[in-house]
Amino acid sequence: MRRITGFAVLMASTAWAPQAFAQSETAQDEVGETIVITGTRISRPELDFANPVTTLSSEAIAQSGKTNIADFLTQSPALAGSRTGSQTGGSETNFGEAGLNLLDLRNLGTDRTLVLVDGRRHVSALAGSAAVDINAIPTGLIEAVDVLTGGASAIYGADGVSGVVNFRMKRDFEGITARGQMGISQRGDGANRFGSITAGTNFSEGRGNIAAAYEYNKDDRLNELRRSRLTNPRAAGLYRNQADLPDDPNIPDVIPYDDVRWADSARMGAVDVDFDFASDFEGNGRVYDRGLVLEESGGYAQGGSNTPVNGYQGDLFPGLERHLFNVLGRYEFSDAFTLFAEGKYVRTNAWTQQQPTFDFYLFQTPENPFMPQSIRDAIVPGAAAAYFEDPDTPDGVLVTRDHFDLGVNFEENRRETLRGVIGASGSFSENLRYEVSYVYGQTKTRTITRGNRLEAEWQAAVDVVSDPDTGAPICRTMLDPENPFPGCVPFNIFGEYLSDPAAIDFVTTDSVSYAKVTQHVFSGSVSGDTGAFLALPGGPIGFAFGAEYRKESSRFDPDPLIADALTWALPVQAARGSFNVKEVFAEINVPILKDMPGAHLLSVGGAIRLADYSTIGGTTTWKVDGVYAPIRDVSFRATYSQAVRAPNIAELFAPASGSYNFIVDPCDLQELNNGSSTRAANCAAILNGLGVDPATFSPSNDPSSTVFTEGLSSGNPDLQEETAKTWTAGVVLRPTFLRGFTLSADWYDIKIKNAINTPEAEELTELCVDQPTIDNPFCPAIVRDPSSGFITGFVSRPDNVAQFRTAGLDVTLAYRVASDTAGTFGVALTGNYLDRLEFVATPGAELNSNVGEADEYAPRYSATLDLTWQKGPLTVAYGISWFDKTRRFSAEYLAGDPDYADPEYLWVKEKWEHEVQLSYDVGERFNIYGGVNNLFDAKPGFEYTSYPVSAMGRYFYMGATVSF
């Protein structure tokens, strides 16, 4: 649309929480409990597991003050690229996605992050996708969240290429717990209300348990006009330096300008009387002030009568309201048979204001009685006929207008999620267990587009003449005996807020679209060990094997008016798709040595999964791993795995639907140096082939070029799976002489080949000319005008053409110490060094490194520090989130244009965000707490609204918990 301009995860927010760390104090003391942990189906001691698993406790979540778990998780650098908050509000959100919270682990995409609940899949909230909306996860029922990198696909199946985020729910809950919390920003907006109640009981001497929970959460939407630093004249950005035309290598190409506006476009109408694409009058008849038109800036100006850029994007944060109901139960009939079940219903409502409709160059004749006389008198005879190259064209004017008075587009989404689990588990013997389960999930979405403009009615309403009988303004169609719009009410575009409300009602409608996603998962597994007949020096061999059947289906039914291209929104077509997959899997853990000189622990393991997809055929995933601890204080661990991701339903089956984007032509003279080393030569080849001179090609400085481009987006039924090779290697220190201390360091490396990439329109045009030659998959998807060379269309679809790679170092340190008089102190330091985040568009193309780029949420260094102090009933927690400064522009961009900006604007400031919470236990049943997030009111970086921190600002909250 026009004008839409790590570390694995935060280890914990509180170091004192006993479940905050995968290498916890309990593990250090080697209680020896054998459990099933995330990333394996084999029961084993936690320290025997080779994969680095980061665990965030429910206490840590509560002490963050975040009532939406996604807001807490995205504090982690590893999940910082997730789509939450401001990324799913206003004009930044895609159709139907308002209010979603989608996790993106390691910046490899939301569809490559597998989200589980108790180790089982969860239904998606987005038609055609496997991405899970974290809004559907009840905050109050979470026991802990585990984050795993490497080897996940062999255990859980496809989609876990970058890793797994597993939400573990509370079990065997007994009693009643209620919590309430309210929060508000320092500026009196962005309010949050949260309430939850959970009740459960054990029965039959503990053999059975049933629990029920209800949770409510509401966040007010926040419009960008509520933040003064984002509004004119304080709002500023980098635009083409008007003192650097033509380019001087000693002068920065872009510099800050404030009070930036859309050139020659006005809320009350910008009128061009001589067809030179420069506005002459405001719609009310006053002379138009063009301000300072910023040449070579893609349609911007400073000041004047033009429409301000600020406020055009709508909301910073969407409004969000959630109701969640959960029921959990189990009953142990015998050691051999335990029946368990759970059911969940979630209703999420999200709403956000986006941008207004607009028009470029609406042709109006002097017959329109709303046209001011001053404009009518200035009409240039014959200019319209020359412009339209038709001598019969009557004289007139061109009007460009931003229709705020028509009503700003508003999207509302209601999502209803049902999820049920039923299963049985038990023991065949002391060394052999089984589990079978069935999971059903369904998400229904209703998307309402408020104030969607009806195009035919709009054209009729703005084509106004005088009634020959009364002289009153009427629609021209009313004079037609076969009038297709008998209820037409004229709309006055010459001015603002001058039209009859009935005219707005006539030209707008509320469009309603529907989507439905369903999921069926049948699985069964057997796990155990060889303790009954075989034990190695390190213990019995552990194993697990099983099978799974999964079926996913998706459908999307747009409003018929949208599908038939009858509204302002480009047509989106109905979509259907489904697939099923049959899988078998096996896992083994071989404990070779244990409690021996030089080998406190030595074990190796592996897993394999064979899958048969109805869409792509057979796939194989596997992993091998090992743990070696020469002494109990030090252990080394490593994994190597192959993971796959099958294409999702939308990537395969999405029909061709309309799309439009603001595109900066990479072949523009101003952009030739801002890409690969082959861009200039490739652009010359394309333009010379059209008979256009590359030396004078500059769409950004040509008023006849369009500011947005319409195109098509579709799926690709020929896609195949993408394959990743992942390895991790690390060390864990648990010194016996320093009780309560844990230090771990793990290197990860993920390389995806044959990756599925769906480029956006702008990216598509750049990929075309930034490859070794123009003989690549991207150039045929770009449509250029054969005479001017301007981009007039595009076709975007996914292809198996890309390669991604990321690598880095995760470091965690935790120390907890208790004193008899001063209380208990805890410190947790987590850090990440990002070594690689790379993208290669096609084999042989230049490597694009995104490390350190702000727009990729990819700082090279990041860290969090959490300090806690607990004494008696009082707990104080203090947290700091930091990462280093990041590049505003890519390294590849600056390599070809080193004078692009002054050095002070090449970087976005580092992140420093502080938070503090105090809680106090009033007796054994009641706790009150309060805190401040963004304690020092840190602001977003220059030109940004949500990076490195959000524009919400300092935020206060208070709450209470009561338990019986």
# chains A, B, ... in the order shown; residues from 1 in each chain; ligands from 1

call {"tool": "residues_around", "arguments": {"residues": "A:Gly451", "least_positions_apart": "5", "cutoff": "6 Å", "atoms": "only C-alpha atoms", "output": "PyMOL selection string"}}
result
chain A and resi 409+508-510

call {"tool": "write_last_selection", "arguments": {"atoms": "C-alpha atoms", "output": "CSV table (one decimal), in the first residue's frame"}}
result
chain,number,residue,atom,x,y,z
A,409,ASN,CA,-9.8,2.7,7.5
A,508,THR,CA,-18.6,3.2,2.2
A,509,THR,CA,-19.4,-0.2,3.6
A,510,ASP,CA,-18.3,-2.6,6.2

call {"tool": "select_by_dssp", "arguments": {"residues": "stretch 687-873 of chain A", "states": "helix (DSSP H, G or I)", "output": "VMD selection string"}}
result
chain A and resid 687 to 690 694 to 696 699 to 701 761 to 769 779 to 781 854 to 856

call {"tool": "write_last_selection", "arguments": {"atoms": "C-alpha atoms", "output": "tab-separated table (two decimals), in the first residue's frame"}}
result
chain	number	residue	atom	x	y	z
A	687	LEU	CA	16.69	-0.34	-19.78
A	688	ASN	CA	18.71	-0.56	-22.99
A	689	GLY	CA	16.55	-3.51	-23.95
A	690	LEU	CA	13.52	-1.23	-23.68
A	694	PRO	CA	20.01	4.44	-18.28
A	695	ALA	CA	21.99	7.67	-17.88
A	696	THR	CA	18.82	9.75	-17.58
A	699	PRO	CA	11.49	7.87	-11.80
A	700	SER	CA	11.86	9.49	-8.37
A	701	ASN	CA	12.20	12.86	-10.08
A	761	ALA	CA	7.57	-6.05	-4.06
A	762	GLU	CA	10.50	-3.75	-3.23
A	763	GLU	CA	12.74	-6.70	-2.40
A	764	LEU	CA	11.69	-8.39	-5.63
A	765	THR	CA	12.83	-5.45	-7.75
A	766	GLU	CA	16.16	-5.30	-5.93
A	767	LEU	CA	16.75	-9.04	-6.20
A	768	CYS	CA	16.22	-8.83	-9.95
A	769	VAL	CA	19.15	-6.46	-10.51
A	779	CYS	CA	13.41	-10.43	-13.20
A	780	PRO	CA	10.52	-12.14	-15.05
A	781	ALA	CA	8.27	-11.14	-12.14
A	854	ALA	CA	18.30	-2.21	12.93
A	855	ASP	CA	15.56	-3.21	10.50
A	856	GLU	CA	16.38	-6.88	11.09

call {"tool": "closest_atom_pairs", "arguments": {"of": "stretch 822-856 of chain A", "to": "stretch 792-800 of chain A", "cutoff": "12 Å", "atoms": "only C-alpha atoms", "output": "Markdown table"}}
result
| residue | atom | partner | partner_atom | distance |
| --- | --- | --- | --- | --- |
| A:Val840 | CA | A:Asn800 | CA | 11.7 |
| A:Ala841 | CA | A:Asn800 | CA | 9.7 |
| A:Thr842 | CA | A:Asn800 | CA | 9.0 |
| A:Pro843 | CA | A:Asn800 | CA | 10.8 |

call {"tool": "residues_around", "arguments": {"residues": "stretch 89-106 of chain A", "least_positions_apart": "2", "cutoff": "6 Å", "atoms": "only C-alpha atoms", "output": "list in words"}}
result
Ala78, Leu79, Gly81, Ser82, Arg83, Thr84, Ser86, Gln87, Leu108, Gly109, Thr110, Thr113, Asp133, Ile134, Gln313, Gly314, Asp315, Phe317, Pro318, Ala350, Thr352, Gln353, Gln354 and Thr447 of chain A

call {"tool": "select_by_dssp", "arguments": {"residues": "stretch 434-601 of chain A", "states": "strand (DSSP E or B)", "output": "number ranges by chain"}}
result
A: 434-454, 464-466, 473-475, 508-529, 536, 539, 542-557, 567, 575-596, 599-601

call {"tool": "write_last_selection", "arguments": {"atoms": "C-alpha atoms", "output": "mmCIF file, in the first residue's frame"}}
result
data_model
loop_
_atom_site.group_PDB
_atom_site.id
_atom_site.type_symbol
_atom_site.label_atom_id
_atom_site.label_comp_id
_atom_site.auth_asym_id
_atom_site.auth_seq_id
_atom_site.Cartn_x
_atom_site.Cartn_y
_atom_site.Cartn_z
ATOM 1 C CA TYR A 434 3.363 -45.548 26.456
ATOM 2 C CA GLU A 435 1.293 -42.523 25.530
ATOM 3 C CA VAL A 436 -1.380 -41.966 22.899
ATOM 4 C CA SER A 437 -3.208 -38.718 22.240
ATOM 5 C CA TYR A 438 -5.463 -36.863 19.850
ATOM 6 C CA VAL A 439 -5.339 -33.096 19.441
ATOM 7 C CA TYR A 440 -8.005 -31.080 17.693
ATOM 8 C CA GLY A 441 -7.592 -27.401 17.009
ATOM 9 C CA GLN A 442 -9.688 -24.824 15.210
ATOM 10 C CA THR A 443 -9.383 -21.083 14.717
ATOM 11 C CA LYS A 444 -12.158 -19.031 13.156
ATOM 12 C CA THR A 445 -11.480 -15.428 12.214
ATOM 13 C CA ARG A 446 -13.889 -12.693 11.228
ATOM 14 C CA THR A 447 -12.248 -9.611 9.747
ATOM 15 C CA ILE A 448 -14.311 -6.445 9.389
ATOM 16 C CA THR A 449 -12.933 -3.600 7.301
ATOM 17 C CA ARG A 450 -14.774 -0.524 8.526
ATOM 18 C CA GLY A 451 -15.387 2.231 6.014
ATOM 19 C CA ASN A 452 -14.230 0.294 2.965
ATOM 20 C CA ARG A 453 -14.765 2.502 -0.052
ATOM 21 C CA LEU A 454 -17.048 1.309 -2.837
ATOM 22 C CA VAL A 464 -21.108 16.181 -9.524
ATOM 23 C CA VAL A 465 -23.209 18.529 -11.662
ATOM 24 C CA SER A 466 -26.042 20.978 -11.005
ATOM 25 C CA PRO A 473 -25.579 19.641 -6.660
ATOM 26 C CA ILE A 474 -26.426 16.126 -7.764
ATOM 27 C CA CYS A 475 -24.548 13.105 -9.060
ATOM 28 C CA THR A 508 -18.550 3.206 2.162
ATOM 29 C CA THR A 509 -19.417 -0.177 3.563
ATOM 30 C CA ASP A 510 -18.253 -2.577 6.245
ATOM 31 C CA SER A 511 -16.669 -5.528 4.477
ATOM 32 C CA VAL A 512 -16.684 -8.840 6.317
ATOM 33 C CA SER A 513 -14.246 -11.655 5.524
ATOM 34 C CA TYR A 514 -13.904 -15.061 7.171
ATOM 35 C CA ALA A 515 -11.106 -17.569 7.694
ATOM 36 C CA LYS A 516 -10.908 -20.989 9.293
ATOM 37 C CA VAL A 517 -7.944 -23.176 10.187
ATOM 38 C CA THR A 518 -8.312 -26.732 11.504
ATOM 39 C CA GLN A 519 -5.803 -29.231 12.819
ATOM 40 C CA HIS A 520 -5.985 -32.931 13.682
ATOM 41 C CA VAL A 521 -3.028 -34.709 15.287
ATOM 42 C CA PHE A 522 -3.008 -38.399 16.249
ATOM 43 C CA SER A 523 0.165 -39.595 17.936
ATOM 44 C CA GLY A 524 1.431 -42.528 19.922
ATOM 45 C CA SER A 525 4.776 -43.366 21.412
ATOM 46 C CA VAL A 526 6.515 -45.959 23.537
ATOM 47 C CA SER A 527 9.501 -45.031 25.678
ATOM 48 C CA GLY A 528 11.663 -46.819 28.183
ATOM 49 C CA ASP A 529 15.079 -48.236 28.833
ATOM 50 C CA LEU A 536 26.117 -50.156 30.252
ATOM 51 C CA GLY A 539 23.336 -47.048 32.892
ATOM 52 C CA GLY A 542 17.018 -45.149 26.833
ATOM 53 C CA PHE A 543 14.794 -45.271 23.796
ATOM 54 C CA ALA A 544 11.534 -43.987 22.350
ATOM 55 C CA PHE A 545 9.661 -44.706 19.152
ATOM 56 C CA GLY A 546 6.251 -43.943 17.758
ATOM 57 C CA ALA A 547 4.102 -42.644 14.949
ATOM 58 C CA GLU A 548 2.044 -39.566 14.201
ATOM 59 C CA TYR A 549 -0.631 -38.532 11.729
ATOM 60 C CA ARG A 550 -1.428 -34.867 11.179
ATOM 61 C CA LYS A 551 -3.891 -33.090 8.946
ATOM 62 C CA GLU A 552 -3.994 -29.333 8.469
ATOM 63 C CA SER A 553 -6.581 -27.435 6.457
ATOM 64 C CA SER A 554 -7.224 -23.769 5.833
ATOM 65 C CA ARG A 555 -9.784 -21.654 4.064
ATOM 66 C CA PHE A 556 -10.229 -17.947 3.541
ATOM 67 C CA ASP A 557 -13.427 -16.347 2.234
ATOM 68 C CA THR A 567 -13.823 -1.719 -3.160
ATOM 69 C CA ALA A 575 -8.258 -19.602 -0.790
ATOM 70 C CA ARG A 576 -8.484 -23.282 0.102
ATOM 71 C CA GLY A 577 -5.844 -25.817 0.937
ATOM 72 C CA SER A 578 -4.958 -28.821 3.056
ATOM 73 C CA PHE A 579 -2.340 -31.462 3.526
ATOM 74 C CA ASN A 580 -1.688 -34.509 5.662
ATOM 75 C CA VAL A 581 1.497 -36.128 6.831
ATOM 76 C CA LYS A 582 2.260 -39.618 8.177
ATOM 77 C CA GLU A 583 5.364 -39.928 10.326
ATOM 78 C CA VAL A 584 7.349 -42.505 12.263
ATOM 79 C CA PHE A 585 10.132 -41.593 14.636
ATOM 80 C CA ALA A 586 12.688 -43.104 16.964
ATOM 81 C CA GLU A 587 15.121 -41.778 19.552
ATOM 82 C CA ILE A 588 17.952 -43.343 21.562
ATOM 83 C CA ASN A 589 20.223 -42.293 24.402
ATOM 84 C CA VAL A 590 23.304 -44.406 25.181
ATOM 85 C CA PRO A 591 24.919 -43.628 28.568
ATOM 86 C CA ILE A 592 28.405 -45.037 28.016
ATOM 87 C CA LEU A 593 30.109 -44.070 31.280
ATOM 88 C CA LYS A 594 29.106 -42.525 34.573
ATOM 89 C CA ASP A 595 30.771 -41.771 37.915
ATOM 90 C CA MET A 596 34.146 -42.990 36.761
ATOM 91 C CA ALA A 599 34.235 -39.578 33.037
ATOM 92 C CA HIS A 600 31.673 -38.298 35.469
ATOM 93 C CA LEU A 601 29.283 -38.619 32.505
#

call {"tool": "residues_around", "arguments": {"residues": "A:Ala638", "least_positions_apart": "3", "cutoff": "9 Å", "atoms": "only C-alpha atoms", "output": "PDB file with N, CA and C atoms, in the first residue's frame"}}
result
ATOM      1  N   ALA A  50      21.737 -33.157  25.696  1.00  0.00           N
ATOM      2  CA  ALA A  50      22.808 -32.459  24.988  1.00  0.00           C
ATOM      3  C   ALA A  50      22.378 -31.097  24.451  1.00  0.00           C
ATOM      4  N   ASN A  51      21.107 -30.926  24.139  1.00  0.00           N
ATOM      5  CA  ASN A  51      20.654 -29.661  23.583  1.00  0.00           C
ATOM      6  C   ASN A  51      20.565 -28.588  24.652  1.00  0.00           C
ATOM      7  N   PRO A  52      21.030 -27.379  24.357  1.00  0.00           N
ATOM      8  CA  PRO A  52      20.828 -26.280  25.300  1.00  0.00           C
ATOM      9  C   PRO A  52      19.355 -25.869  25.325  1.00  0.00           C
ATOM     10  N   VAL A 624      22.165 -36.253  15.919  1.00  0.00           N
ATOM     11  CA  VAL A 624      23.066 -36.993  16.797  1.00  0.00           C
ATOM     12  C   VAL A 624      23.574 -36.009  17.844  1.00  0.00           C
ATOM     13  N   ASP A 625      23.845 -36.521  19.046  1.00  0.00           N
ATOM     14  CA  ASP A 625      24.285 -35.626  20.107  1.00  0.00           C
ATOM     15  C   ASP A 625      25.152 -36.363  21.102  1.00  0.00           C
ATOM     16  N   GLY A 626      25.771 -35.604  21.978  1.00  0.00           N
ATOM     17  CA  GLY A 626      26.607 -36.200  22.990  1.00  0.00           C
ATOM     18  C   GLY A 626      26.874 -35.252  24.140  1.00  0.00           C
ATOM     19  N   VAL A 627      27.105 -35.832  25.320  1.00  0.00           N
ATOM     20  CA  VAL A 627      27.448 -35.084  26.520  1.00  0.00           C
ATOM     21  C   VAL A 627      28.660 -35.751  27.157  1.00  0.00           C
ATOM     22  N   TRP A 727      24.016 -27.188  14.091  1.00  0.00           N
ATOM     23  CA  TRP A 727      24.855 -27.773  15.131  1.00  0.00           C
ATOM     24  C   TRP A 727      25.019 -26.797  16.286  1.00  0.00           C
ATOM     25  N   THR A 728      25.150 -27.380  17.464  1.00  0.00           N
ATOM     26  CA  THR A 728      25.411 -26.601  18.674  1.00  0.00           C
ATOM     27  C   THR A 728      26.551 -27.276  19.428  1.00  0.00           C
ATOM     28  N   ALA A 729      27.338 -26.489  20.115  1.00  0.00           N
ATOM     29  CA  ALA A 729      28.424 -27.015  20.936  1.00  0.00           C
ATOM     30  C   ALA A 729      28.623 -26.072  22.105  1.00  0.00           C
ATOM     31  N   GLY A 730      28.704 -26.642  23.303  1.00  0.00           N
ATOM     32  CA  GLY A 730      28.808 -25.764  24.454  1.00  0.00           C
ATOM     33  C   GLY A 730      29.411 -26.417  25.662  1.00  0.00           C
ATOM     34  N   VAL A 731      29.563 -25.600  26.703  1.00  0.00           N
ATOM     35  CA  VAL A 731      30.124 -26.053  27.969  1.00  0.00           C
ATOM     36  C   VAL A 731      29.269 -25.496  29.097  1.00  0.00           C
ATOM     37  N   ASP A 746      27.138 -21.645  24.728  1.00  0.00           N
ATOM     38  CA  ASP A 746      26.794 -22.544  23.619  1.00  0.00           C
ATOM     39  C   ASP A 746      26.888 -21.797  22.295  1.00  0.00           C
TER      40      ASP A 746
END

call {"tool": "closest_atom_pairs", "arguments": {"of": "stretch 664-705 of chain A", "to": "stretch 248-255 of chain A", "cutoff": "12 Å", "atoms": "only C-alpha atoms", "output": "tab-separated table"}}
result
residue	atom	partner	partner_atom	distance
A:Gln670	CA	A:Asp253	CA	9.4
A:Glu671	CA	A:Asp253	CA	11.1
A:Asn673	CA	A:Asp253	CA	11.9
A:Asn674	CA	A:Asp253	CA	11.7

call {"tool": "residues_around", "arguments": {"residues": "A:Lys344", "least_positions_apart": "4", "cutoff": "6 Å", "atoms": "only C-alpha atoms", "output": "list in words"}}
result
Phe325, Asn326, Leu418 and Arg419 of chain A

call {"tool": "closest_residue", "arguments": {"among": "A:Glu846, A:Glu710, A:Glu282, A:Asp463", "to": "A:Gly658", "atoms": "only C-alpha atoms"}}
result
A:Glu710

call {"tool": "atom_distance", "arguments": {"atom1": "atom CA of A:Val634", "atom2": "atom CA of A:Val53"}}
result
17.0 Å

call {"tool": "residues_around", "arguments": {"residues": "stretch 196-198 of chain A", "least_positions_apart": "2", "cutoff": "9 Å", "atoms": "only C-alpha atoms", "output": "list in words"}}
result
Thr139, Gly140, Leu141, Phe173, Gly175, Ile176, Thr177, Ala178, Arg179, Gly180, Phe194, Gly200, Ala211, Ala212, Ala213, Tyr214, Glu215, Tyr216 and Asn217 of chain A

call {"tool": "write_last_selection", "arguments": {"atoms": "N, CA and C atoms", "output": "compact mmCIF listing (two decimals), in the first residue's frame"}}
result
# COMPACT_ATOMS: atom_id res chain seq x y z
N THR A 139 -1.70 -16.79 30.09
CA THR A 139 -0.54 -16.42 30.90
C THR A 139 -0.58 -17.06 32.28
N GLY A 140 -1.75 -17.06 32.91
CA GLY A 140 -1.86 -17.53 34.29
C GLY A 140 -1.65 -19.01 34.47
N LEU A 141 -1.79 -19.81 33.41
CA LEU A 141 -1.64 -21.26 33.53
C LEU A 141 -0.25 -21.75 33.18
N PHE A 173 -3.18 -28.87 39.68
CA PHE A 173 -3.43 -27.65 40.45
C PHE A 173 -4.50 -27.91 41.50
N GLY A 175 -6.62 -25.94 44.80
CA GLY A 175 -6.92 -24.69 45.48
C GLY A 175 -7.51 -23.68 44.53
N ILE A 176 -7.49 -22.41 44.96
CA ILE A 176 -8.00 -21.31 44.15
C ILE A 176 -6.96 -20.19 44.18
N THR A 177 -6.64 -19.70 43.01
CA THR A 177 -5.74 -18.55 42.89
C THR A 177 -6.37 -17.53 41.97
N ALA A 178 -6.39 -16.29 42.41
CA ALA A 178 -6.93 -15.19 41.61
C ALA A 178 -5.89 -14.08 41.54
N ARG A 179 -5.82 -13.44 40.39
CA ARG A 179 -4.87 -12.35 40.19
C ARG A 179 -5.53 -11.23 39.42
N GLY A 180 -5.24 -10.01 39.82
CA GLY A 180 -5.73 -8.85 39.10
C GLY A 180 -4.62 -7.82 38.95
N PHE A 194 -6.06 -6.72 33.53
CA PHE A 194 -5.83 -8.16 33.50
C PHE A 194 -6.46 -8.80 34.73
N GLY A 200 -8.77 -25.68 41.23
CA GLY A 200 -8.57 -27.09 40.94
C GLY A 200 -8.60 -27.91 42.21
N ALA A 211 -9.01 -29.12 36.97
CA ALA A 211 -8.76 -27.70 37.19
C ALA A 211 -9.40 -26.92 36.06
N ALA A 212 -9.86 -25.73 36.40
CA ALA A 212 -10.46 -24.83 35.42
C ALA A 212 -9.88 -23.44 35.62
N ALA A 213 -9.74 -22.71 34.54
CA ALA A 213 -9.15 -21.37 34.61
C ALA A 213 -9.85 -20.44 33.63
N TYR A 214 -9.96 -19.19 34.05
CA TYR A 214 -10.48 -18.13 33.18
C TYR A 214 -9.51 -16.96 33.26
N GLU A 215 -9.28 -16.33 32.11
CA GLU A 215 -8.35 -15.21 32.06
C GLU A 215 -8.92 -14.12 31.15
N TYR A 216 -8.77 -12.90 31.59
CA TYR A 216 -9.23 -11.75 30.80
C TYR A 216 -8.11 -10.73 30.72
N ASN A 217 -7.94 -10.18 29.52
CA ASN A 217 -6.91 -9.17 29.32
C ASN A 217 -7.39 -8.17 28.29

call {"tool": "atom_distance", "arguments": {"atom1": "atom CA of A:Gly831", "atom2": "atom CA of A:Leu738"}}
result
21.3 Å

call {"tool": "atom_distance", "arguments": {"atom1": "atom CA of A:Ser657", "atom2": "atom CA of A:Asn716"}}
result
12.9 Å

call {"tool": "closest_residue", "arguments": {"among": "A:Ala154, A:Thr742, A:Glu482, A:Val117", "to": "A:Ser641", "atoms": "only C-alpha atoms"}}
result
A:Ala154
